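First the structure, in the form of structure tokens, and then the observations on it.
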Amino acid sequence: MKVSIVSLGCDKNLCDTEHMMALLAKDGHEFVTEPKDSDICVINTCCFIADALEESINTIIEVGKLKETGHLKVLVIAGCLGQRFTDEVLSDLPEVDGIVGTNSYNEIVNVVRKALDGKTEVLKRDFSSLPKNEGRILSSIVPYTYLKIAEGCDKHCTYCVIPSIRGNYRSVPLDDIISEAKELAAHGIKELNLVAQEVTVWGIDIYGKKSLPLLLNKLSEIEGIEWIRLLYCYPEEIDDELILCIKNNPKICHYIDMPIQHCNDEILGRMGRKTSKADIESIIGRLREYIPDIAIRSTLICGFPGEDDKKHEELLNFISDMQFDRLGAFSYSKEDGTPAASFEHQVDDDVKNAWRDEVMALQQKISLSKNEEMVGKTVSCFVEGRVEDGVYVGRTYRDAPDVDGYIFIESDKEFISGDLISVKVTGFTEYDLIGDYYEFAE
């Protein structure tokens, strides 16, 4: 039958979606782009924060209407929404014909088959193991992808629902990761972006110690893989062994995504974070000492319970001092079932949003200044496509897919997506660079 897939939320969800696609293809189904053209629609949902929950519900309702107006027969949801709100989905969203939990995406074929027979199946495996990898179909034609190396989290930050809907931390075994990475390379992938709720402690449940450098060195041996990028590295887990691995392995991008969430020690304590302001400053200092050209991305939460004008001002000053290369800010989302939801001194939405906007306005100025400093430098970048005749778009090592900026390349030479070239930077905007083709990168 014709199947459409809608993947919402994070890049970790996208990895699960692409594994489900492989299973559905093996069962004989074919894929179409639009739900309106499909017999079966699978929505991989997110409910990490309130906005994501709303998007998931609205998407289910909109797609569900196609049962009346189109030829859609079955609507199955996977991922976080069904895992977290199973009973509510079954009672309030009658258009849903089956639910696959976060740790059960490899049961998608069984749930779809039951739904086609008119039976609403709910499959939610416990968190004692991981779904078996039975292949993956890439959902887009680009030279990069995400590679999920672990599931779940043991940190238990007071604002976060992930441990309750994704379970405890479970590392994907080394052989399974390498096998998947080799398959991706064989399909033309040149950049691997490693993802998990936290990549930094990979292997601790298998080897009894953090072993990410081992994994990185093994991945770098795969022919065809040119760049390896680290996303979601908790600051307290970044040690000198990892820093030296990034510094010395030429395939690892000098880039790290290190979510800190705040800088005020009281707020960090209330969040359940494991670092202090001094710890964060020390880690950033070590990264820049060992790897002077490293690009550091971070994320912040604005308006956490107990934050006030003084603490917000401290955060702004910290951002000015640290000069993050990339930064995202989010208004605190009060999530039912988390300790922080019951904390006193909740902050009004208007204040939270205003503080977030101030943070991003400051970061825009920092980003503009940092991009200006790039003018005249020659950087390697992956070509992602053509904008118009003589103008291409790409990303430097400083830019992760989907969240960071681009470099626009002027050249009379013909390129294809995936070419790794050197570009001399000639101009800039707040978030993007402009450059001239220099040569093919080695």
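Starting from 1 in every chain, residues are counted up; chains themselves are A, B, ... following the order of the structure tokens, and ligands are numbered from 1 as listed.
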
Polymer residues at most 9 Å from A:Cys15, only C-alpha atoms, same-chain spacing of 4 or more positions, as a PyMOL selection string
chain A and resi 11+19-20+136+138+145-148

Write the residues of the preceding selection, restricted to C-alpha atoms, as a PDB file, in the first residue's frame.
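Output file out_22.pdb is given in full below:
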ATOM      1  CA  ASP A  11      16.857  14.483  14.720  1.00  0.00           C
ATOM      2  CA  HIS A  19      14.388   2.734  10.580  1.00  0.00           C
ATOM      3  CA  MET A  20      10.586   2.350  10.422  1.00  0.00           C
ATOM      4  CA  ARG A 136      17.343   2.284   7.386  1.00  0.00           C
ATOM      5  CA  LEU A 138      17.232   7.858   4.166  1.00  0.00           C
ATOM      6  CA  THR A 145      22.714  12.460   8.163  1.00  0.00           C
ATOM      7  CA  TYR A 146      22.271  11.796  11.870  1.00  0.00           C
ATOM      8  CA  LEU A 147      23.527   8.678  13.598  1.00  0.00           C
ATOM      9  CA  LYS A 148      21.907   7.841  16.924  1.00  0.00           C
TER      10      LYS A 148
END

Please list as a PyMOL selection string every residue within 9 Å of A:Asp349, counting only C-alpha atoms and excluding residues in the same chain fewer than 6 positions away.
chain A and resi 303+331-332

Residues at most 8 Å from stretch 91-106 of chain A, counting only C-alpha atoms, excluding those fewer than 2 positions away in the same chain, as JSON, numbers by chain?
{"A": [16, 19, 20, 23, 60, 61, 64, 74, 75, 76, 77, 78, 79, 80, 82, 83, 86, 87, 88, 89, 108, 109, 111, 112, 115, 118, 119, 120, 121, 122, 123, 124, 125, 126, 127, 130, 131, 132, 165, 166]}

For those residues, write C-alpha atoms to a file as an mmCIF file, in the first residue's frame.
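Okay, this is what ended up in selection25.cif:
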data_model
loop_
_atom_site.group_PDB
_atom_site.id
_atom_site.type_symbol
_atom_site.label_atom_id
_atom_site.label_comp_id
_atom_site.auth_asym_id
_atom_site.auth_seq_id
_atom_site.Cartn_x
_atom_site.Cartn_y
_atom_site.Cartn_z
ATOM 1 C CA ASP A 16 13.756 6.182 14.306
ATOM 2 C CA HIS A 19 14.388 2.734 10.580
ATOM 3 C CA MET A 20 10.586 2.350 10.422
ATOM 4 C CA LEU A 23 10.705 -2.110 7.910
ATOM 5 C CA ILE A 60 -2.808 14.069 13.951
ATOM 6 C CA ILE A 61 -6.128 15.920 13.675
ATOM 7 C CA GLY A 64 -7.078 12.240 10.445
ATOM 8 C CA VAL A 74 -4.955 3.862 8.655
ATOM 9 C CA LEU A 75 -3.262 6.429 10.886
ATOM 10 C CA VAL A 76 -0.613 5.119 13.286
ATOM 11 C CA ILE A 77 1.411 7.276 15.651
ATOM 12 C CA ALA A 78 4.861 6.499 16.968
ATOM 13 C CA GLY A 79 7.244 8.186 19.364
ATOM 14 C CA CYS A 80 6.881 10.352 22.436
ATOM 15 C CA GLY A 82 1.867 7.844 22.332
ATOM 16 C CA GLN A 83 4.422 6.742 24.905
ATOM 17 C CA THR A 86 -1.355 6.648 25.718
ATOM 18 C CA ASP A 87 -4.733 6.782 27.453
ATOM 19 C CA GLU A 88 -5.407 10.373 26.394
ATOM 20 C CA VAL A 89 -4.620 9.570 22.759
ATOM 21 C CA ILE A 108 5.574 -0.741 13.244
ATOM 22 C CA VAL A 109 4.678 -3.427 10.696
ATOM 23 C CA VAL A 111 0.773 -2.404 14.410
ATOM 24 C CA VAL A 112 -0.030 -1.365 10.834
ATOM 25 C CA ALA A 115 -4.878 -1.519 12.129
ATOM 26 C CA GLY A 118 -9.577 -2.988 12.276
ATOM 27 C CA LYS A 119 -7.748 -3.637 15.556
ATOM 28 C CA THR A 120 -6.161 -0.800 17.559
ATOM 29 C CA GLU A 121 -2.836 -2.159 18.777
ATOM 30 C CA VAL A 122 -0.664 -0.409 21.399
ATOM 31 C CA LEU A 123 2.899 -1.691 21.622
ATOM 32 C CA LYS A 124 5.124 -0.165 24.290
ATOM 33 C CA ARG A 125 8.151 -2.282 25.127
ATOM 34 C CA ASP A 126 9.971 -1.635 28.427
ATOM 35 C CA PHE A 127 13.324 0.132 28.492
ATOM 36 C CA LEU A 130 17.038 -1.433 22.380
ATOM 37 C CA PRO A 131 15.114 -2.203 19.172
ATOM 38 C CA LYS A 132 17.076 -4.361 16.768
ATOM 39 C CA ILE A 165 9.376 8.600 27.957
ATOM 40 C CA ARG A 166 12.750 7.352 26.658
#

Which one is closest to A:Asp357: A:Lys155, A:Phe330, A:Glu388, A:Glu344? Count only C-alpha atoms.
A:Phe330

Which residues in stretch 296-346 of chain A does DSSP call strand (DSSP E or B)? List them as a count of residues only.
13

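You will find atom CA of A:Ala329 at 24.9 Å from atom CA of A:Leu192.
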
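Candidate residues A:Ile421, A:Cys47, A:Leu268, A:Ile366 were compared for distance to A:Tyr392, and the nearest is A:Ile421, using only C-alpha atoms.
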
Do you know which residues are at most 12 Å from A:Asn193 counting only C-alpha atoms, after dropping those on the same chain fewer than 4 positions away, and could you put them as an mmCIF file with all heavy atoms, in the first residue's frame?
data_model
loop_
_atom_site.group_PDB
_atom_site.id
_atom_site.type_symbol
_atom_site.label_atom_id
_atom_site.label_comp_id
_atom_site.auth_asym_id
_atom_site.auth_seq_id
_atom_site.Cartn_x
_atom_site.Cartn_y
_atom_site.Cartn_z
ATOM 1 N N ASP A 11 16.152 15.340 15.666
ATOM 2 C CA ASP A 11 16.857 14.483 14.720
ATOM 3 C C ASP A 11 16.956 13.040 15.218
ATOM 4 O O ASP A 11 17.100 12.114 14.421
ATOM 5 C CB ASP A 11 18.254 15.048 14.438
ATOM 6 C CG ASP A 11 18.884 15.657 15.675
ATOM 7 O OD1 ASP A 11 18.864 14.999 16.717
ATOM 8 O OD2 ASP A 11 19.382 16.798 15.600
ATOM 9 N N LYS A 12 16.864 12.826 16.523
ATOM 10 C CA LYS A 12 16.840 11.449 17.042
ATOM 11 C C LYS A 12 15.551 10.754 16.606
ATOM 12 O O LYS A 12 15.552 9.570 16.276
ATOM 13 C CB LYS A 12 16.974 11.472 18.572
ATOM 14 C CG LYS A 12 18.298 12.066 19.043
ATOM 15 C CD LYS A 12 18.395 12.202 20.547
ATOM 16 C CE LYS A 12 17.591 13.387 21.077
ATOM 17 N NZ LYS A 12 18.129 14.692 20.630
ATOM 18 N N CYS A 15 15.919 9.579 13.034
ATOM 19 C CA CYS A 15 16.606 8.297 12.896
ATOM 20 C C CYS A 15 15.621 7.137 13.067
ATOM 21 O O CYS A 15 15.627 6.178 12.287
ATOM 22 C CB CYS A 15 17.726 8.182 13.927
ATOM 23 S SG CYS A 15 19.097 9.336 13.690
ATOM 24 N N PRO A 143 24.185 15.039 1.583
ATOM 25 C CA PRO A 143 25.418 14.306 1.892
ATOM 26 C C PRO A 143 25.670 14.086 3.376
ATOM 27 O O PRO A 143 26.743 13.651 3.759
ATOM 28 C CB PRO A 143 26.500 15.200 1.285
ATOM 29 C CG PRO A 143 25.935 16.573 1.369
ATOM 30 C CD PRO A 143 24.458 16.410 1.134
ATOM 31 N N TYR A 144 24.697 14.404 4.209
ATOM 32 C CA TYR A 144 24.869 14.253 5.652
ATOM 33 C C TYR A 144 23.660 13.546 6.243
ATOM 34 O O TYR A 144 22.589 13.494 5.648
ATOM 35 C CB TYR A 144 25.029 15.617 6.331
ATOM 36 C CG TYR A 144 23.786 16.474 6.242
ATOM 37 C CD1 TYR A 144 22.747 16.346 7.170
ATOM 38 C CD2 TYR A 144 23.623 17.401 5.224
ATOM 39 C CE1 TYR A 144 21.599 17.113 7.083
ATOM 40 C CE2 TYR A 144 22.473 18.180 5.129
ATOM 41 C CZ TYR A 144 21.475 18.034 6.055
ATOM 42 O OH TYR A 144 20.326 18.791 5.960
ATOM 43 N N THR A 145 23.847 13.002 7.430
ATOM 44 C CA THR A 145 22.714 12.460 8.163
ATOM 45 C C THR A 145 23.064 12.405 9.649
ATOM 46 O O THR A 145 24.167 12.742 10.054
ATOM 47 C CB THR A 145 22.310 11.064 7.656
ATOM 48 O OG1 THR A 145 21.017 10.731 8.165
ATOM 49 C CG2 THR A 145 23.296 9.998 8.094
ATOM 50 N N TYR A 146 22.094 11.952 10.431
ATOM 51 C CA TYR A 146 22.271 11.796 11.870
ATOM 52 C C TYR A 146 22.444 10.320 12.196
ATOM 53 O O TYR A 146 21.819 9.462 11.572
ATOM 54 C CB TYR A 146 21.075 12.365 12.622
ATOM 55 C CG TYR A 146 20.848 13.833 12.328
ATOM 56 C CD1 TYR A 146 19.961 14.235 11.331
ATOM 57 C CD2 TYR A 146 21.550 14.802 13.030
ATOM 58 C CE1 TYR A 146 19.769 15.585 11.049
ATOM 59 C CE2 TYR A 146 21.365 16.153 12.752
ATOM 60 C CZ TYR A 146 20.477 16.531 11.760
ATOM 61 O OH TYR A 146 20.297 17.863 11.475
ATOM 62 N N LEU A 147 23.286 10.047 13.167
ATOM 63 C CA LEU A 147 23.527 8.678 13.598
ATOM 64 C C LEU A 147 23.299 8.617 15.110
ATOM 65 O O LEU A 147 24.047 9.203 15.887
ATOM 66 C CB LEU A 147 24.960 8.260 13.252
ATOM 67 C CG LEU A 147 25.375 6.835 13.632
ATOM 68 C CD1 LEU A 147 24.491 5.806 12.915
ATOM 69 C CD2 LEU A 147 26.844 6.604 13.295
ATOM 70 N N LYS A 148 22.240 7.923 15.504
ATOM 71 C CA LYS A 148 21.907 7.841 16.924
ATOM 72 C C LYS A 148 22.736 6.751 17.582
ATOM 73 O O LYS A 148 22.687 5.593 17.176
ATOM 74 C CB LYS A 148 20.415 7.575 17.124
ATOM 75 C CG LYS A 148 19.994 7.666 18.589
ATOM 76 C CD LYS A 148 18.501 7.865 18.765
ATOM 77 C CE LYS A 148 17.717 6.617 18.501
ATOM 78 N NZ LYS A 148 16.320 6.724 18.970
ATOM 79 N N ILE A 149 23.486 7.139 18.638
ATOM 80 C CA ILE A 149 24.414 6.204 19.260
ATOM 81 C C ILE A 149 23.953 5.749 20.640
ATOM 82 O O ILE A 149 24.600 4.890 21.249
ATOM 83 C CB ILE A 149 25.831 6.804 19.343
ATOM 84 C CG1 ILE A 149 25.862 8.015 20.285
ATOM 85 C CG2 ILE A 149 26.331 7.180 17.954
ATOM 86 C CD1 ILE A 149 27.277 8.510 20.591
ATOM 87 N N ALA A 181 26.868 2.892 10.113
ATOM 88 C CA ALA A 181 27.659 3.960 9.508
ATOM 89 C C ALA A 181 28.238 3.534 8.161
ATOM 90 O O ALA A 181 28.291 4.339 7.215
ATOM 91 C CB ALA A 181 28.777 4.375 10.463
ATOM 92 N N LEU A 184 25.520 3.761 5.632
ATOM 93 C CA LEU A 184 25.270 5.153 5.273
ATOM 94 C C LEU A 184 26.339 5.666 4.320
ATOM 95 O O LEU A 184 26.032 6.366 3.336
ATOM 96 C CB LEU A 184 25.230 6.008 6.551
ATOM 97 C CG LEU A 184 24.055 5.740 7.498
ATOM 98 C CD1 LEU A 184 24.267 6.466 8.819
ATOM 99 C CD2 LEU A 184 22.734 6.160 6.863
ATOM 100 N N ILE A 189 26.650 9.061 2.111
ATOM 101 C CA ILE A 189 26.757 9.979 3.254
ATOM 102 C C ILE A 189 28.226 10.266 3.540
ATOM 103 O O ILE A 189 29.037 9.358 3.670
ATOM 104 C CB ILE A 189 26.070 9.383 4.500
ATOM 105 C CG1 ILE A 189 24.557 9.284 4.269
ATOM 106 C CG2 ILE A 189 26.380 10.217 5.733
ATOM 107 C CD1 ILE A 189 23.870 10.610 4.032
ATOM 108 N N VAL A 199 25.682 12.344 24.016
ATOM 109 C CA VAL A 199 26.649 11.468 23.349
ATOM 110 C C VAL A 199 27.890 11.224 24.200
ATOM 111 O O VAL A 199 28.603 10.229 24.024
ATOM 112 C CB VAL A 199 27.078 12.028 21.969
ATOM 113 C CG1 VAL A 199 25.870 12.250 21.080
ATOM 114 C CG2 VAL A 199 27.903 13.299 22.104
ATOM 115 N N LEU A 216 34.656 7.263 18.152
ATOM 116 C CA LEU A 216 35.036 8.262 17.156
ATOM 117 C C LEU A 216 36.184 7.765 16.282
ATOM 118 O O LEU A 216 36.165 7.939 15.054
ATOM 119 C CB LEU A 216 35.425 9.567 17.849
ATOM 120 C CG LEU A 216 34.290 10.329 18.527
ATOM 121 C CD1 LEU A 216 34.838 11.481 19.359
ATOM 122 C CD2 LEU A 216 33.291 10.846 17.498
ATOM 123 N N LEU A 219 34.831 5.118 13.859
ATOM 124 C CA LEU A 219 34.026 5.719 12.788
ATOM 125 C C LEU A 219 34.913 6.420 11.767
ATOM 126 O O LEU A 219 34.623 6.406 10.559
ATOM 127 C CB LEU A 219 33.027 6.711 13.386
ATOM 128 C CG LEU A 219 31.836 6.124 14.135
ATOM 129 C CD1 LEU A 219 31.062 7.226 14.855
ATOM 130 C CD2 LEU A 219 30.900 5.367 13.192
ATOM 131 N N ILE A 225 33.487 8.554 4.787
ATOM 132 C CA ILE A 225 33.100 9.505 5.833
ATOM 133 C C ILE A 225 34.191 10.562 5.951
ATOM 134 O O ILE A 225 35.361 10.242 6.209
ATOM 135 C CB ILE A 225 32.878 8.801 7.183
ATOM 136 C CG1 ILE A 225 31.748 7.779 7.072
ATOM 137 C CG2 ILE A 225 32.570 9.828 8.267
ATOM 138 C CD1 ILE A 225 30.415 8.356 6.654
ATOM 139 N N GLU A 226 33.810 11.827 5.766
ATOM 140 C CA GLU A 226 34.774 12.926 5.790
ATOM 141 C C GLU A 226 34.679 13.747 7.073
ATOM 142 O O GLU A 226 35.696 14.222 7.585
ATOM 143 C CB GLU A 226 34.548 13.848 4.581
ATOM 144 C CG GLU A 226 34.656 13.159 3.232
ATOM 145 C CD GLU A 226 36.077 12.752 2.884
ATOM 146 O OE1 GLU A 226 37.007 13.249 3.553
ATOM 147 O OE2 GLU A 226 36.256 11.945 1.956
ATOM 148 N N TRP A 227 33.456 13.954 7.552
ATOM 149 C CA TRP A 227 33.243 14.764 8.749
ATOM 150 C C TRP A 227 32.443 13.978 9.774
ATOM 151 O O TRP A 227 31.479 13.283 9.426
ATOM 152 C CB TRP A 227 32.456 16.042 8.422
ATOM 153 C CG TRP A 227 33.242 17.127 7.754
ATOM 154 C CD1 TRP A 227 34.549 17.099 7.348
ATOM 155 C CD2 TRP A 227 32.752 18.427 7.407
ATOM 156 N NE1 TRP A 227 34.890 18.289 6.770
ATOM 157 C CE2 TRP A 227 33.822 19.128 6.796
ATOM 158 C CE3 TRP A 227 31.521 19.053 7.559
ATOM 159 C CZ2 TRP A 227 33.680 20.437 6.331
ATOM 160 C CZ3 TRP A 227 31.373 20.349 7.101
ATOM 161 C CH2 TRP A 227 32.439 21.041 6.494
ATOM 162 N N ILE A 228 32.827 14.121 11.048
ATOM 163 C CA ILE A 228 32.057 13.577 12.160
ATOM 164 C C ILE A 228 31.824 14.720 13.143
ATOM 165 O O ILE A 228 32.776 15.395 13.551
ATOM 166 C CB ILE A 228 32.806 12.426 12.861
ATOM 167 C CG1 ILE A 228 33.109 11.299 11.862
ATOM 168 C CG2 ILE A 228 31.981 11.889 14.033
ATOM 169 C CD1 ILE A 228 34.063 10.239 12.401
ATOM 170 N N ARG A 229 30.568 14.945 13.492
ATOM 171 C CA ARG A 229 30.215 16.097 14.332
ATOM 172 C C ARG A 229 29.528 15.602 15.610
ATOM 173 O O ARG A 229 28.714 14.671 15.581
ATOM 174 C CB ARG A 229 29.259 17.025 13.567
ATOM 175 C CG ARG A 229 28.960 18.346 14.270
ATOM 176 C CD ARG A 229 27.916 19.135 13.483
ATOM 177 N NE ARG A 229 28.298 19.346 12.100
ATOM 178 C CZ ARG A 229 29.085 20.340 11.684
ATOM 179 N NH1 ARG A 229 29.548 21.214 12.552
ATOM 180 N NH2 ARG A 229 29.388 20.460 10.402
ATOM 181 N N LEU A 230 29.845 16.254 16.733
ATOM 182 C CA LEU A 230 29.283 15.869 18.023
ATOM 183 C C LEU A 230 28.184 16.829 18.445
ATOM 184 O O LEU A 230 28.405 18.033 18.573
ATOM 185 C CB LEU A 230 30.380 15.862 19.100
ATOM 186 C CG LEU A 230 31.535 14.885 18.883
ATOM 187 C CD1 LEU A 230 32.538 15.025 20.011
ATOM 188 C CD2 LEU A 230 31.020 13.458 18.801
ATOM 189 N N LEU A 231 27.009 16.274 18.690
ATOM 190 C CA LEU A 231 25.875 17.060 19.178
ATOM 191 C C LEU A 231 25.465 16.547 20.560
ATOM 192 O O LEU A 231 25.518 15.341 20.830
ATOM 193 C CB LEU A 231 24.698 16.962 18.210
ATOM 194 C CG LEU A 231 25.001 17.402 16.761
ATOM 195 C CD1 LEU A 231 23.761 17.217 15.888
ATOM 196 C CD2 LEU A 231 25.457 18.842 16.701
ATOM 197 N N TYR A 232 25.051 17.464 21.424
ATOM 198 C CA TYR A 232 24.508 17.139 22.747
ATOM 199 C C TYR A 232 25.554 16.532 23.689
ATOM 200 O O TYR A 232 25.449 15.395 24.115
ATOM 201 C CB TYR A 232 23.285 16.219 22.630
ATOM 202 C CG TYR A 232 22.361 16.606 21.506
ATOM 203 C CD1 TYR A 232 21.983 15.693 20.540
ATOM 204 C CD2 TYR A 232 21.896 17.918 21.393
ATOM 205 C CE1 TYR A 232 21.150 16.062 19.495
ATOM 206 C CE2 TYR A 232 21.078 18.290 20.349
ATOM 207 C CZ TYR A 232 20.700 17.362 19.395
ATOM 208 O OH TYR A 232 19.900 17.724 18.359
ATOM 209 N N LYS A 251 39.150 13.939 11.012
ATOM 210 C CA LYS A 251 37.777 13.792 10.510
ATOM 211 C C LYS A 251 36.737 14.357 11.479
ATOM 212 O O LYS A 251 35.576 14.521 11.099
ATOM 213 C CB LYS A 251 37.463 12.320 10.218
ATOM 214 C CG LYS A 251 38.140 11.792 8.956
ATOM 215 C CD LYS A 251 37.571 10.453 8.548
ATOM 216 C CE LYS A 251 38.168 9.965 7.236
ATOM 217 N NZ LYS A 251 37.559 8.678 6.796
ATOM 218 N N ILE A 252 37.134 14.624 12.700
ATOM 219 C CA ILE A 252 36.182 15.146 13.680
ATOM 220 C C ILE A 252 36.142 16.668 13.567
ATOM 221 O O ILE A 252 37.171 17.340 13.689
ATOM 222 C CB ILE A 252 36.553 14.734 15.106
ATOM 223 C CG1 ILE A 252 36.642 13.220 15.206
ATOM 224 C CG2 ILE A 252 35.514 15.257 16.093
ATOM 225 C CD1 ILE A 252 37.126 12.716 16.553
ATOM 226 N N CYS A 253 34.967 17.209 13.313
ATOM 227 C CA CYS A 253 34.819 18.656 13.180
ATOM 228 C C CYS A 253 35.202 19.349 14.481
ATOM 229 O O CYS A 253 34.860 18.876 15.575
ATOM 230 C CB CYS A 253 33.369 19.015 12.830
ATOM 231 S SG CYS A 253 32.824 18.441 11.223
ATOM 232 N N TYR A 255 33.973 21.339 16.409
ATOM 233 C CA TYR A 255 32.626 21.845 16.710
ATOM 234 C C TYR A 255 32.082 21.003 17.838
ATOM 235 O O TYR A 255 32.258 19.776 17.853
ATOM 236 C CB TYR A 255 31.735 21.705 15.471
ATOM 237 C CG TYR A 255 30.295 22.131 15.636
ATOM 238 C CD1 TYR A 255 29.835 23.316 15.059
ATOM 239 C CD2 TYR A 255 29.372 21.340 16.322
ATOM 240 C CE1 TYR A 255 28.506 23.702 15.187
ATOM 241 C CE2 TYR A 255 28.050 21.731 16.451
ATOM 242 C CZ TYR A 255 27.624 22.905 15.883
ATOM 243 O OH TYR A 255 26.304 23.293 16.006
ATOM 244 N N ILE A 256 31.419 21.629 18.792
ATOM 245 C CA ILE A 256 30.786 20.864 19.851
ATOM 246 C C ILE A 256 29.502 21.559 20.293
ATOM 247 O O ILE A 256 29.459 22.779 20.415
ATOM 248 C CB ILE A 256 31.756 20.673 21.045
ATOM 249 C CG1 ILE A 256 31.270 19.563 21.976
ATOM 250 C CG2 ILE A 256 32.004 21.981 21.788
ATOM 251 C CD1 ILE A 256 32.342 19.023 22.898
ATOM 252 N N ASP A 257 28.448 20.768 20.430
ATOM 253 C CA ASP A 257 27.166 21.260 20.933
ATOM 254 C C ASP A 257 27.108 20.906 22.410
ATOM 255 O O ASP A 257 27.051 19.729 22.774
ATOM 256 C CB ASP A 257 26.028 20.603 20.155
ATOM 257 C CG ASP A 257 24.670 21.132 20.556
ATOM 258 O OD1 ASP A 257 24.466 21.396 21.744
ATOM 259 O OD2 ASP A 257 23.806 21.258 19.679
ATOM 260 N N TYR A 397 32.567 23.639 8.651
ATOM 261 C CA TYR A 397 32.616 22.779 9.831
ATOM 262 C C TYR A 397 31.969 23.446 11.034
ATOM 263 O O TYR A 397 31.575 22.784 11.996
ATOM 264 C CB TYR A 397 34.073 22.413 10.154
ATOM 265 C CG TYR A 397 34.836 23.521 10.858
ATOM 266 C CD1 TYR A 397 34.850 23.618 12.254
ATOM 267 C CD2 TYR A 397 35.540 24.491 10.133
ATOM 268 C CE1 TYR A 397 35.539 24.640 12.901
ATOM 269 C CE2 TYR A 397 36.222 25.506 10.773
ATOM 270 C CZ TYR A 397 36.221 25.581 12.158
ATOM 271 O OH TYR A 397 36.893 26.594 12.792
ATOM 272 N N ASP A 399 29.116 24.805 11.153
ATOM 273 C CA ASP A 399 27.657 24.870 10.983
ATOM 274 C C ASP A 399 27.037 23.474 10.939
ATOM 275 O O ASP A 399 27.202 22.743 9.965
ATOM 276 C CB ASP A 399 27.309 25.621 9.699
ATOM 277 C CG ASP A 399 27.876 27.028 9.699
ATOM 278 O OD1 ASP A 399 27.495 27.806 10.579
ATOM 279 O OD2 ASP A 399 28.710 27.341 8.826
ATOM 280 N N ALA A 400 26.289 23.132 11.979
ATOM 281 C CA ALA A 400 25.544 21.874 11.983
ATOM 282 C C ALA A 400 24.305 22.007 11.110
ATOM 283 O O ALA A 400 23.741 23.099 10.967
ATOM 284 C CB ALA A 400 25.142 21.507 13.411
ATOM 285 N N PRO A 401 23.850 20.905 10.517
ATOM 286 C CA PRO A 401 22.655 20.970 9.676
ATOM 287 C C PRO A 401 21.434 21.445 10.453
ATOM 288 O O PRO A 401 21.281 21.153 11.644
ATOM 289 C CB PRO A 401 22.468 19.516 9.211
ATOM 290 C CG PRO A 401 23.784 18.862 9.423
ATOM 291 C CD PRO A 401 24.419 19.546 10.574
ATOM 292 N N ASP A 402 20.590 22.196 9.788
ATOM 293 C CA ASP A 402 19.254 22.561 10.281
ATOM 294 C C ASP A 402 19.232 23.623 11.386
ATOM 295 O O ASP A 402 18.211 24.282 11.573
ATOM 296 C CB ASP A 402 18.486 21.321 10.786
ATOM 297 C CG ASP A 402 18.361 20.237 9.737
ATOM 298 O OD1 ASP A 402 18.145 20.585 8.565
ATOM 299 O OD2 ASP A 402 18.504 19.054 10.072
#

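Take atom CA of A:Ile267 and atom CA of A:Phe318: the distance between them is 14.0 Å.
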
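For the choices A:Met258, A:Ile409, A:Leu53, A:Val347, the atom-to-atom distance to A:Ile296 is smallest for A:Met258 when using only C-alpha atoms.
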
Excluding A:Ala341 and its own-chain neighbours fewer than 3 positions away, which residues fall within 12 Å of it when counting only C-alpha atoms? Please give them as a VMD selection string.
chain A and resid 157 to 161 270 to 271 304 to 306 332 to 338 344 to 347
